[in-house]
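Here is the structure we will look at, set down as structure tokens.
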Amino acid sequence: MSDYNDKQLKKQLQQLPKITDNCSKAVVYRQLSENLQRKQVAGKRMRLIPILAVGFVLIIGFFSIQIFYSFDFFLTTEESADHRTTEESEFYDQAIEQETTYSNQPESNIEKNSFVIHDMNVSEQIVYAAIADEQLQYTIPISFIIRGANNLQAAYNQIDSFIKELQISNERYLLHGVTYELKQKEQKATLKLPVDFFKKEKTVTNNLLEQHIMTMFLPYQIRTISFRQGNQEKMDGELYSKITLTPNPRYSYKLYKQATEKWLVQIPNNHQETIKEAIQKLQVSDEKFGIKRTIPEDSEYELTTSQDTLQIRFSKKLENITNVNLVLLIESVLMTAKSYGYQQVIFQNLTTGNKIENYNLAKPISVPQAPNPVYIDLARR
């Protein structure tokens, strides 16, 4: 059966048409070689795909790690920078606080590190006002330096608006709503009171109210104060219709510091207390009322007087104190001395050098004209 099949297959093959290829062996060899090379290259490419993929993944992984560490470093650096910034900010805040502990607060005050005014232009007038501390215990004098004021009485009748600009509450300005009639030649002033004035002020002691009135009018030598309510002279069970102000009140001027406010504050002294006792009070704080000392507590000094001059000689120079605080010390002593009738003060051995801001310690320093100046330009209002 198999022999028959083989014969049949050979017979069928012999019957197929003859096919001839005229290509040379060299051509056939080249074609076969090229086909083989293409298959090898294709095989290599197929093998490179997973290799490249793995390599790409590794590269991505490497850079991801770098980016992660870089980002982590950035965050750490940023946090460190923020921490350093916070520390520096706190440091500078403390430094600023130290430097501005006794700087005057109102923005209208030209001399930021001064609590007093020494010289004025001929076109300026002082309107003396007063406010109380937050707890209504002490008088804080305010000197409005008015530019362009032709009428002192008209300027006094704008005190309410001046106080409002300082963002001081009406409760602390005890004379809120009062209008004024001044007769300087007669040394008199009439205060016209709102209808509800005494009811509103019943929680305030008459002594504090009188301190305010003294602060406002004694600098102009006004001694007699009359009160009117409507068209009638006001008689009250606790406050008479007319008072006579005691001249030459004596004070120790300390620092009042509460929240954002910083002023010289008047601590009243009786007429039996000497200048030495008044200066000693400057070394004592009363924290519950926001009253701060102006002379270091442990400072030692000697006071001598000669006619209208007070001399204060420190036994040891004050080395660890800022210029701002030295200015405060000088000015609180000057104002205290002024209330005792002195015209100038000599400071000896206060600190290294003789120049403290605008003060020349090598010469007697004249007492100021007024404390806590706030400048008001009526022409711009």
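If you're wondering about the labels, chains in the structure tokens are A, B, ... by order shown, residues count from 1 in each chain, ligands from 1 in order shown.
All residues of protein, DNA or RNA that reach within 12 Å of A:Lys288, judged by only C-alpha atoms and not counting those fewer than 4 positions away in the chain, are Asp133, Glu134, Gln135, Gln137, Tyr256, Lys257, Gln258 and Lys292 of chain A.
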Just write the chosen residues, all heavy atoms, as a JSON list (two decimals), in the first residue's frame.
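Just written: selection02.json:
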[["chain", "number", "residue", "atom", "x", "y", "z"],
["A", 133, "ASP", "N", -7.56, 107.91, 83.85],
["A", 133, "ASP", "CA", -7.09, 106.56, 83.53],
["A", 133, "ASP", "C", -8.31, 105.64, 83.41],
["A", 133, "ASP", "O", -9.45, 106.05, 83.67],
["A", 133, "ASP", "CB", -6.13, 106.05, 84.61],
["A", 133, "ASP", "CG", -6.82, 105.92, 85.95],
["A", 133, "ASP", "OD1", -7.22, 106.95, 86.54],
["A", 133, "ASP", "OD2", -7.00, 104.79, 86.41],
["A", 134, "GLU", "N", -8.08, 104.41, 83.02],
["A", 134, "GLU", "CA", -9.18, 103.47, 82.80],
["A", 134, "GLU", "C", -10.03, 103.26, 84.05],
["A", 134, "GLU", "O", -11.23, 103.02, 83.96],
["A", 134, "GLU", "CB", -8.64, 102.12, 82.32],
["A", 134, "GLU", "CG", -8.08, 102.13, 80.90],
["A", 134, "GLU", "CD", -9.18, 102.10, 79.85],
["A", 134, "GLU", "OE1", -10.36, 101.98, 80.24],
["A", 134, "GLU", "OE2", -8.85, 102.20, 78.66],
["A", 135, "GLN", "N", -9.41, 103.35, 85.21],
["A", 135, "GLN", "CA", -10.13, 103.09, 86.46],
["A", 135, "GLN", "C", -10.60, 104.36, 87.16],
["A", 135, "GLN", "O", -11.03, 104.33, 88.31],
["A", 135, "GLN", "CB", -9.25, 102.25, 87.39],
["A", 135, "GLN", "CG", -8.87, 100.90, 86.77],
["A", 135, "GLN", "CD", -8.08, 100.04, 87.72],
["A", 135, "GLN", "OE1", -8.48, 99.79, 88.86],
["A", 135, "GLN", "NE2", -6.92, 99.56, 87.27],
["A", 137, "GLN", "N", -9.05, 107.02, 88.40],
["A", 137, "GLN", "CA", -8.35, 107.34, 89.65],
["A", 137, "GLN", "C", -7.39, 108.51, 89.50],
["A", 137, "GLN", "O", -7.16, 109.25, 90.45],
["A", 137, "GLN", "CB", -7.58, 106.12, 90.15],
["A", 137, "GLN", "CG", -8.44, 104.91, 90.46],
["A", 137, "GLN", "CD", -9.38, 105.17, 91.61],
["A", 137, "GLN", "OE1", -9.01, 105.74, 92.63],
["A", 137, "GLN", "NE2", -10.63, 104.76, 91.45],
["A", 256, "TYR", "N", 1.96, 106.48, 82.50],
["A", 256, "TYR", "CA", 0.75, 105.66, 82.44],
["A", 256, "TYR", "C", 0.84, 104.83, 81.17],
["A", 256, "TYR", "O", 0.93, 105.35, 80.06],
["A", 256, "TYR", "CB", -0.50, 106.54, 82.40],
["A", 256, "TYR", "CG", -1.78, 105.74, 82.21],
["A", 256, "TYR", "CD1", -2.32, 105.00, 83.24],
["A", 256, "TYR", "CD2", -2.43, 105.72, 80.98],
["A", 256, "TYR", "CE1", -3.50, 104.27, 83.07],
["A", 256, "TYR", "CE2", -3.60, 105.00, 80.80],
["A", 256, "TYR", "CZ", -4.12, 104.27, 81.85],
["A", 256, "TYR", "OH", -5.27, 103.54, 81.68],
["A", 257, "LYS", "N", 0.82, 103.51, 81.33],
["A", 257, "LYS", "CA", 0.94, 102.60, 80.19],
["A", 257, "LYS", "C", -0.15, 101.54, 80.30],
["A", 257, "LYS", "O", -0.13, 100.72, 81.20],
["A", 257, "LYS", "CB", 2.32, 101.93, 80.15],
["A", 257, "LYS", "CG", 2.53, 101.01, 78.96],
["A", 257, "LYS", "CD", 3.96, 100.46, 78.97],
["A", 257, "LYS", "CE", 4.21, 99.57, 77.75],
["A", 257, "LYS", "NZ", 3.41, 98.34, 77.80],
["A", 258, "GLN", "N", -1.08, 101.60, 79.38],
["A", 258, "GLN", "CA", -2.19, 100.67, 79.39],
["A", 258, "GLN", "C", -2.57, 100.38, 77.94],
["A", 258, "GLN", "O", -2.87, 101.31, 77.18],
["A", 258, "GLN", "CB", -3.39, 101.28, 80.13],
["A", 258, "GLN", "CG", -4.48, 100.30, 80.49],
["A", 258, "GLN", "CD", -4.07, 99.39, 81.64],
["A", 258, "GLN", "OE1", -3.22, 99.74, 82.44],
["A", 258, "GLN", "NE2", -4.67, 98.22, 81.71],
["A", 292, "LYS", "N", 3.69, 103.37, 85.93],
["A", 292, "LYS", "CA", 5.06, 102.83, 85.87],
["A", 292, "LYS", "C", 6.07, 103.85, 86.40],
["A", 292, "LYS", "O", 5.93, 105.06, 86.19],
["A", 292, "LYS", "CB", 5.43, 102.50, 84.41],
["A", 292, "LYS", "CG", 4.39, 101.67, 83.67],
["A", 292, "LYS", "CD", 4.30, 100.26, 84.20],
["A", 292, "LYS", "CE", 3.31, 99.44, 83.38],
["A", 292, "LYS", "NZ", 3.19, 98.04, 83.86]]
Select from stretch 134-328 of chain A everything DSSP, run on the backbone, classes as strand (DSSP E or B), then give the selection as a short mmCIF file (atom, residue, chain, number, x, y, z; two decimals) with C-alpha atoms, in the first residue's frame.
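Wrote out27.cif, looks like this:
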data_model
loop_
_atom_site.label_atom_id
_atom_site.label_comp_id
_atom_site.auth_asym_id
_atom_site.auth_seq_id
_atom_site.Cartn_x
_atom_site.Cartn_y
_atom_site.Cartn_z
CA THR A 139 -5.59 112.71 85.84
CA ILE A 140 -3.71 112.47 82.54
CA PRO A 141 -2.99 115.94 81.13
CA ILE A 142 -3.16 116.38 77.37
CA SER A 143 -1.83 119.48 75.64
CA PHE A 144 -3.45 120.09 72.26
CA ILE A 145 -1.08 122.23 70.24
CA ILE A 146 -3.45 124.14 68.00
CA ARG A 147 -2.23 125.57 64.72
CA THR A 179 -19.05 124.09 76.67
CA TYR A 180 -16.75 126.84 77.89
CA GLU A 181 -16.87 130.59 78.25
CA LEU A 182 -13.46 132.05 79.04
CA LYS A 183 -12.70 135.45 80.55
CA LYS A 188 -12.73 133.36 85.21
CA ALA A 189 -14.38 130.61 83.22
CA THR A 190 -17.95 129.41 83.04
CA LEU A 191 -18.70 125.76 82.32
CA LYS A 192 -22.10 125.11 80.78
CA LEU A 193 -23.12 121.59 81.70
CA THR A 224 -12.64 131.00 89.40
CA ILE A 225 -14.90 128.41 87.78
CA SER A 226 -18.66 128.87 87.56
CA PHE A 227 -21.12 126.17 86.54
CA ARG A 228 -24.34 126.66 84.65
CA GLN A 229 -26.99 124.20 83.59
CA GLN A 232 -29.60 128.61 85.77
CA GLU A 233 -26.61 128.53 88.03
CA LYS A 242 -18.68 128.05 91.85
CA ILE A 243 -15.25 126.86 92.89
CA THR A 244 -11.95 128.62 93.38
CA ARG A 250 2.27 119.82 93.00
CA TYR A 251 2.65 116.54 91.16
CA SER A 252 4.96 113.62 90.57
CA TYR A 253 4.85 112.76 86.87
CA LYS A 254 5.05 109.03 86.15
CA LEU A 255 4.25 106.90 83.11
CA TYR A 256 0.75 105.66 82.44
CA LYS A 257 0.94 102.60 80.19
CA GLN A 258 -2.19 100.67 79.39
CA GLU A 261 -1.67 104.21 75.52
CA LYS A 262 1.42 105.84 76.95
CA TRP A 263 1.19 109.21 78.71
CA LEU A 264 2.74 111.14 81.55
CA VAL A 265 0.28 110.97 84.42
CA GLN A 266 -0.05 113.37 87.34
CA ILE A 267 0.26 111.88 90.82
CA PRO A 268 -0.98 114.63 93.16
CA ASN A 269 1.18 115.64 96.12
CA ASP A 286 1.47 100.98 90.83
CA ILE A 291 1.36 103.43 86.63
CA LYS A 292 5.06 102.83 85.87
CA TYR A 301 21.06 110.22 93.83
CA GLU A 302 21.46 113.47 95.69
CA LEU A 303 19.23 116.52 95.25
CA THR A 304 20.33 120.10 95.77
CA THR A 305 18.47 123.32 95.03
CA SER A 306 19.53 126.85 94.26
CA THR A 309 17.31 125.40 89.78
CA LEU A 310 17.08 121.76 90.86
CA GLN A 311 20.20 119.62 90.62
CA ILE A 312 20.09 115.82 90.69
CA ARG A 313 23.37 113.93 90.86
CA PHE A 314 23.33 110.15 90.46
#
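Minimum distance to A:Leu329 across A:Tyr173, A:Phe347, A:Phe289, A:Tyr156 (counting only C-alpha atoms) occurs at A:Phe347.
Distances to A:Leu208 were evaluated for A:Thr322, A:Leu174, A:Gln272, A:Thr352 using only C-alpha atoms, and the minimum falls at A:Leu174.
Atom pair atom CA of A:Ile159 / atom CA of A:Tyr375 has a distance of 12.6 Å (rounded to one decimal).
Considering only C-alpha atoms, the residue among A:Asn349, A:Gln280, A:Asn360, A:Thr215 positioned nearest to A:Tyr138 is A:Thr215.
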